[in-house]
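Undergrad: Sending over structure.txt (compact mmCIF, C-alpha atoms and all ligand atoms).
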# COMPACT_ATOMS: atom_id res chain seq x y z
CA MET A 1 -22.30 -43.94 1.88
CA PRO A 2 -21.94 -47.51 3.19
CA VAL A 3 -21.93 -48.07 6.92
CA TYR A 4 -18.30 -48.44 8.00
CA LYS A 5 -17.11 -49.92 11.28
CA LEU A 6 -13.44 -50.26 12.15
CA TYR A 7 -12.44 -52.73 14.86
CA TYR A 8 -9.06 -52.50 16.59
CA PHE A 9 -7.42 -52.08 19.96
CA ASN A 10 -7.18 -48.64 21.53
CA VAL A 11 -3.88 -47.83 19.80
CA ARG A 12 -2.75 -46.23 16.54
CA ALA A 13 -0.43 -48.90 15.06
CA ARG A 14 -2.02 -50.91 12.22
CA ALA A 15 -5.33 -49.04 12.28
CA GLU A 16 -4.20 -45.43 12.24
CA GLY A 17 -3.52 -45.19 8.50
CA ILE A 18 -6.98 -46.65 7.88
CA ARG A 19 -8.53 -44.06 10.21
CA TRP A 20 -6.65 -41.29 8.36
CA LEU A 21 -7.77 -42.57 4.94
CA MET A 22 -11.40 -42.65 6.08
CA SER A 23 -11.02 -39.14 7.50
CA LEU A 24 -9.42 -37.87 4.27
CA ALA A 25 -12.32 -39.25 2.25
CA GLY A 26 -14.85 -37.69 4.60
CA ALA A 27 -16.28 -41.15 5.21
CA GLU A 28 -18.03 -41.54 8.55
CA PHE A 29 -16.99 -44.63 10.45
CA GLU A 30 -17.49 -46.12 13.85
CA ASP A 31 -14.04 -46.30 15.44
CA ILE A 32 -14.54 -49.33 17.69
CA ARG A 33 -11.62 -49.85 20.13
CA PHE A 34 -11.34 -52.94 22.32
CA GLU A 35 -9.74 -53.20 25.71
CA GLU A 36 -7.42 -56.20 26.07
CA LYS A 37 -9.88 -57.95 28.39
CA GLU A 38 -12.70 -57.72 25.81
CA TRP A 39 -10.61 -59.32 23.08
CA PRO A 40 -11.08 -63.08 23.74
CA ALA A 41 -14.84 -62.69 23.20
CA LYS A 42 -14.36 -60.63 20.02
CA LYS A 43 -11.61 -62.69 18.40
CA PRO A 44 -13.91 -65.42 16.98
CA GLU A 45 -15.99 -62.71 15.27
CA MET A 46 -13.02 -61.61 13.13
CA PRO A 47 -12.49 -63.36 9.77
CA LEU A 48 -8.82 -64.18 10.41
CA GLY A 49 -8.91 -63.95 14.20
CA TYR A 50 -7.14 -60.61 14.43
CA VAL A 51 -7.66 -56.92 13.90
CA PRO A 52 -7.81 -54.37 12.34
CA VAL A 53 -11.02 -55.35 10.59
CA LEU A 54 -13.07 -53.01 8.46
CA GLU A 55 -16.76 -53.80 8.23
CA VAL A 56 -18.53 -52.40 5.17
CA ASP A 57 -22.31 -52.77 5.25
CA GLY A 58 -21.96 -55.88 7.40
CA HIS A 59 -19.09 -57.47 5.43
CA LYS A 60 -15.80 -57.82 7.27
CA LEU A 61 -12.33 -57.38 5.75
CA SER A 62 -9.07 -58.26 7.58
CA GLU A 63 -5.42 -57.37 6.94
CA SER A 64 -4.39 -53.76 7.37
CA LYS A 65 -2.70 -53.48 3.96
CA ALA A 66 -5.68 -55.03 2.15
CA ILE A 67 -8.00 -52.61 3.94
CA GLY A 68 -5.76 -49.64 3.12
CA ARG A 69 -5.51 -50.65 -0.52
CA TYR A 70 -9.29 -51.14 -0.75
CA LEU A 71 -9.92 -47.66 0.64
CA ALA A 72 -7.20 -46.15 -1.55
CA ASN A 73 -8.81 -47.60 -4.67
CA LYS A 74 -12.27 -46.59 -3.56
CA PHE A 75 -11.40 -43.02 -2.58
CA GLY A 76 -8.79 -42.19 -5.24
CA PHE A 77 -5.53 -42.47 -3.28
CA ALA A 78 -4.10 -45.57 -4.97
CA GLY A 79 -1.97 -43.80 -7.60
CA LYS A 80 -2.92 -42.55 -11.06
CA THR A 81 -1.40 -45.33 -13.17
CA ASP A 82 -0.58 -49.00 -12.66
CA TRP A 83 3.05 -47.97 -12.17
CA GLU A 84 2.16 -45.40 -9.50
CA LYS A 85 -0.01 -48.02 -7.80
CA ALA A 86 2.92 -50.42 -7.76
CA LEU A 87 5.20 -47.72 -6.32
CA ALA A 88 2.64 -46.99 -3.61
CA ASP A 89 2.57 -50.72 -2.74
CA GLN A 90 6.36 -50.70 -2.63
CA TYR A 91 6.46 -47.93 -0.01
CA VAL A 92 3.74 -49.53 2.08
CA ASP A 93 5.75 -52.77 2.07
CA VAL A 94 8.89 -50.89 3.15
CA ILE A 95 7.20 -49.25 6.11
CA TYR A 96 5.88 -52.63 7.22
CA ASP A 97 9.51 -53.61 7.85
CA ILE A 98 9.42 -50.99 10.63
CA VAL A 99 6.11 -52.42 11.79
CA ALA A 100 7.69 -55.87 12.02
CA ALA A 101 10.66 -54.53 13.98
CA ALA A 102 8.40 -52.58 16.35
CA ARG A 103 6.19 -55.66 16.82
CA ALA A 104 9.21 -57.74 17.76
CA ILE A 105 10.05 -55.18 20.45
CA THR A 106 6.50 -55.24 21.83
CA TRP A 107 6.53 -59.03 22.09
CA ALA A 108 10.16 -59.47 23.19
CA PRO A 109 10.36 -62.35 25.70
CA ASN A 110 12.32 -60.36 28.28
CA GLU A 111 13.88 -56.98 29.05
CA GLU A 112 17.28 -57.95 27.66
CA ALA A 113 15.80 -59.01 24.31
CA LYS A 114 13.70 -55.84 24.24
CA LYS A 115 16.84 -53.73 24.74
CA GLU A 116 18.69 -55.61 22.02
CA LEU A 117 15.83 -55.29 19.51
CA THR A 118 15.36 -51.60 20.30
CA LYS A 119 19.08 -51.02 19.70
CA LEU A 120 18.82 -52.89 16.40
CA LEU A 121 15.89 -50.75 15.28
CA LYS A 122 17.55 -47.51 16.35
CA GLU A 123 20.99 -48.25 15.01
CA VAL A 124 20.51 -50.56 12.03
CA ASP A 125 17.01 -51.12 10.63
CA GLY A 126 15.63 -47.67 11.45
CA PRO A 127 18.43 -45.70 9.73
CA ARG A 128 18.42 -48.16 6.80
CA ILE A 129 14.68 -47.93 6.14
CA LEU A 130 14.27 -44.24 6.93
CA GLY A 131 17.38 -43.47 4.88
CA ARG A 132 15.89 -45.16 1.86
CA LEU A 133 12.60 -43.34 2.21
CA GLU A 134 14.50 -40.05 2.56
CA LYS A 135 16.30 -40.74 -0.74
CA CYS A 136 13.00 -41.55 -2.46
CA LEU A 137 11.48 -38.29 -1.26
CA GLU A 138 14.59 -36.49 -2.43
CA SER A 139 14.40 -37.96 -5.92
CA ASN A 140 10.63 -37.60 -6.38
CA LYS A 141 10.77 -33.82 -5.75
CA SER A 142 7.00 -33.34 -5.31
CA GLY A 143 7.14 -33.81 -1.52
CA TYR A 144 5.02 -36.95 -1.92
CA LEU A 145 6.37 -40.48 -2.21
CA VAL A 146 4.64 -41.23 -5.52
CA GLY A 147 3.88 -38.91 -8.42
CA ASP A 148 2.74 -35.38 -7.70
CA SER A 149 -0.06 -35.94 -5.23
CA LEU A 150 -0.97 -37.76 -2.04
CA THR A 151 -1.37 -41.55 -2.16
CA TRP A 152 -2.11 -44.08 0.54
CA ALA A 153 1.64 -44.73 0.70
CA ASP A 154 2.12 -41.24 2.18
CA VAL A 155 -0.65 -41.93 4.66
CA MET A 156 0.60 -45.36 5.73
CA VAL A 157 4.24 -44.26 6.03
CA ALA A 158 3.33 -41.14 8.03
CA SER A 159 0.85 -42.95 10.26
CA TYR A 160 3.36 -45.62 11.25
CA LEU A 161 5.99 -43.03 12.04
CA ASP A 162 3.35 -41.13 14.00
CA SER A 163 2.57 -44.28 15.94
CA ASN A 164 6.13 -45.41 16.60
CA ILE A 165 8.33 -42.39 17.09
CA ASP A 166 6.86 -41.48 20.47
CA ARG A 167 6.74 -45.03 21.70
CA ILE A 168 10.04 -46.67 20.95
CA SER A 169 12.19 -44.06 22.59
CA PRO A 170 13.02 -40.39 22.39
CA GLU A 171 16.12 -41.40 20.44
CA PHE A 172 13.99 -42.89 17.68
CA GLY A 173 12.24 -39.53 17.36
CA GLU A 174 15.65 -37.88 17.23
CA LEU A 175 16.69 -40.40 14.61
CA LEU A 176 13.92 -39.10 12.38
CA ASP A 177 15.47 -35.65 12.69
CA ASN A 178 18.42 -37.02 10.69
CA PHE A 179 16.02 -37.36 7.77
CA PRO A 180 14.60 -33.88 7.32
CA LYS A 181 12.57 -34.63 4.22
CA LEU A 182 10.86 -37.54 5.96
CA ARG A 183 10.24 -35.45 9.08
CA ALA A 184 8.75 -32.67 6.89
CA HIS A 185 6.67 -35.28 5.06
CA LEU A 186 5.30 -36.59 8.38
CA ASP A 187 4.45 -33.06 9.53
CA LYS A 188 2.82 -32.28 6.16
CA VAL A 189 0.59 -35.38 6.19
CA ARG A 190 -0.38 -34.81 9.84
CA ALA A 191 -1.35 -31.23 8.96
CA ILE A 192 -3.78 -32.12 6.13
CA PRO A 193 -6.99 -30.63 7.56
CA PRO A 194 -9.17 -33.78 7.87
CA ILE A 195 -6.22 -35.73 9.30
CA ALA A 196 -5.32 -32.87 11.68
CA ALA A 197 -8.97 -32.75 12.79
CA PHE A 198 -8.96 -36.51 13.43
CA ILE A 199 -5.68 -36.29 15.37
CA ALA A 200 -7.03 -33.44 17.50
CA LYS A 201 -9.96 -35.54 18.69
CA ARG A 202 -8.45 -39.05 18.78
CA PRO A 203 -7.98 -40.79 22.12
CA LYS A 204 -4.55 -40.23 23.66
CA THR A 205 -2.72 -43.54 23.47
CA PRO A 206 0.93 -44.53 24.01
CA MET A 207 1.34 -45.69 20.42
N1 LIG B 301 -1.14 -59.04 9.12
C1 LIG B 301 -2.16 -58.52 9.98
C2 LIG B 301 -1.70 -58.69 11.42
C3 LIG B 301 -2.77 -58.27 12.39
C4 LIG B 301 -2.34 -58.41 13.83
O1 LIG B 301 -1.27 -58.95 14.15
N2 LIG B 301 -3.16 -57.87 14.72
C5 LIG B 301 -2.90 -57.93 16.14
C6 LIG B 301 -2.94 -56.53 16.73
S1 LIG B 301 -1.73 -55.46 16.00
C7 LIG B 301 -4.00 -58.75 16.80
O2 LIG B 301 -5.16 -58.70 16.42
N3 LIG B 301 -3.63 -59.50 17.85
C8 LIG B 301 -4.54 -60.28 18.63
C9 LIG B 301 -4.57 -61.71 18.21
O3 LIG B 301 -3.95 -62.10 17.20
O4 LIG B 301 -5.26 -62.46 18.92
C10 LIG B 301 -2.45 -57.05 9.63
O5 LIG B 301 -1.51 -56.33 9.20
O6 LIG B 301 -3.58 -56.61 9.75
Mind turning the file's structure into structure tokens?
TA:
Amino acid sequence: MPVYKLYYFNVRARAEGIRWLMSLAGAEFEDIRFEEKEWPAKKPEMPLGYVPVLEVDGHKLSESKAIGRYLANKFGFAGKTDWEKALADQYVDVIYDIVAAARAITWAPNEEAKKELTKLLKEVDGPRILGRLEKCLESNKSGYLVGDSLTWADVMVASYLDSNIDRISPEFGELLDNFPKLRAHLDKVRAIPPIAAFIAKRPKTPM
């Protein structure tokens, strides 16, 4: 096994799906988490100046989707055909729309803007994106987003919901209850034994 090191802040967000994929594959990795104050010294060491970064035997890779896709290909979670791989990419891209909306809330310039963006996510973008994912789960029948087995799309979608539902507001969590297939999907992915074991021992963080 190569030596894996994952660099990120002490939150779930863009690194959690990567942590779950590594756990699923049984790949040992050093889960390196920076405090905000350590970041300025670390930033120049990252290829694109941000994290997450996965280091594989001393080589560093940036971009959370690129890292996820690399691990999915390596460990057999990319999809069984080119079409399934494209569908998995599609779902990962969709969930990143939630990531973008959540990011905008985090970096809102003031409380008023934060309130407005949170309302937008809860009332417009959240229902739109989650509603589409619910329909996809409904039509695929297998309980997975793509084909008849787990892909990295399931992992990325579930990990972002896991990261955001507690943080944005209780209402966002309740919003997910309007999409029972997606809620069941989240619970199913979180309960996969290596992921459940990782969750049980991960640091408690707000997101
Ligand atoms: N597109 C990149 C964005 C990475 C990104 O924005 N990372 C943030 C943390 S979530 C970061 O490192 N911020 C510190 C900085 O840019 O100095 C990805 O998905 O990995």
Undergrad: Report as a PDB file with C-alpha atoms, in the coordinates of the input all protein, DNA and RNA residues lying within 9 Å of Lys85 of chain A, evaluated on all atoms listed in the file, omitting residues in the same chain fewer than 5 positions from it.
TA:
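Listed below is the output, part25.pdb:
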ATOM      1  CA  ALA A  78      -4.100 -45.570  -4.970  1.00  0.00           C
ATOM      2  CA  GLY A  79      -1.970 -43.800  -7.600  1.00  0.00           C
ATOM      3  CA  LYS A  80      -2.920 -42.550 -11.060  1.00  0.00           C
ATOM      4  CA  GLN A  90       6.360 -50.700  -2.630  1.00  0.00           C
ATOM      5  CA  VAL A 146       4.640 -41.230  -5.520  1.00  0.00           C
ATOM      6  CA  THR A 151      -1.370 -41.550  -2.160  1.00  0.00           C
TER       7      THR A 151
END
Undergrad: Could you list, as a PyMOL selection string, all the residues within 10 Å of ligand LIG 301 (chain B), counting all atoms listed in the file?
TA: chain A and resi 7-9+11-15+36+39-40+42-44+46+48-53+61-68+96+99-100+103
Undergrad: Which of these, A:Arg190, A:Arg202, A:Lys141, A:Lys135, has the shortest distance to Val157 of chain A once you count all atoms listed in the file?
TA: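 Using all atoms listed in the file, Val157 of chain A sits closest to A:Arg190.
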Undergrad: Please check which residues have atoms at most 12 Å from (0.9, -37.8, -0.8) in the file's coordinates, counting only C-alpha atoms, and write them as a PyMOL selection string.
TA: chain A and resi 21+24+72+76-80+84+88+91+137+140-158+185-192
Undergrad: Can you work out the spacing between atom CA of Asp57 of chain A and atom CA of Arg33 of chain A in Å, to one decimal?
TA: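 Taking atom CA of Asp57 of chain A and atom CA of Arg33 of chain A, their separation equals 18.6 Å.
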Undergrad: Can you pull out every residue within 8 Å of Val3 of chain A, counting only C-alpha atoms, but drop anything in the same chain fewer than 3 positions away, and send it as number ranges by chain?
TA: A: 28-29, 55-58
Undergrad: Work out how far apart atom CA of Asp97 of chain A and atom CA of Gly131 of chain A are and give it in Å to one decimal.
TA: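 It comes out at 13.2 Å.
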Undergrad: What does the structure give for the distance between atom CA of Phe75 of chain A and atom CA of Pro2 of chain A, in Å to one decimal?
TA: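 Straight-line distance from atom CA of Phe75 of chain A to atom CA of Pro2 of chain A works out to 12.8 Å.
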Undergrad: Of the candidates A:Ile98, A:Ala104, A:Ala184, A:Leu87, which one gets nearest to Arg128 of chain A if we count all atoms listed in the file?
TA: A:Ile98
Undergrad: Please list as a PyMOL selection string every residue within 12 Å of segment 119-123 of chain A, counting only C-alpha atoms and excluding residues in the same chain fewer than 4 positions away.
TA: chain A and resi 97-105+112-115+127-131+164-165+168-176+178
Undergrad: Let me make sure I understand: among A:Glu138, A:Asp93, A:Ala25, A:Pro47, which one has the smallest atom-to-atom distance to Asn73 of chain A if we use all atoms listed in the file?
TA: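 The closest residue to Asn73 of chain A is A:Ala25.
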Undergrad: Using all atoms listed in the file, which residue out of A:Val94, A:Thr106, A:Asn10, A:Lys201 lies closest to Glu35 of chain A?
TA: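 The closest residue to Glu35 of chain A is A:Asn10.
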Undergrad: Have a look at A:Ala41, A:Ile32, A:Ile18, A:Leu117 and name the one nearest to Tyr70 of chain A; count all atoms listed in the file.
TA: A:Ile18
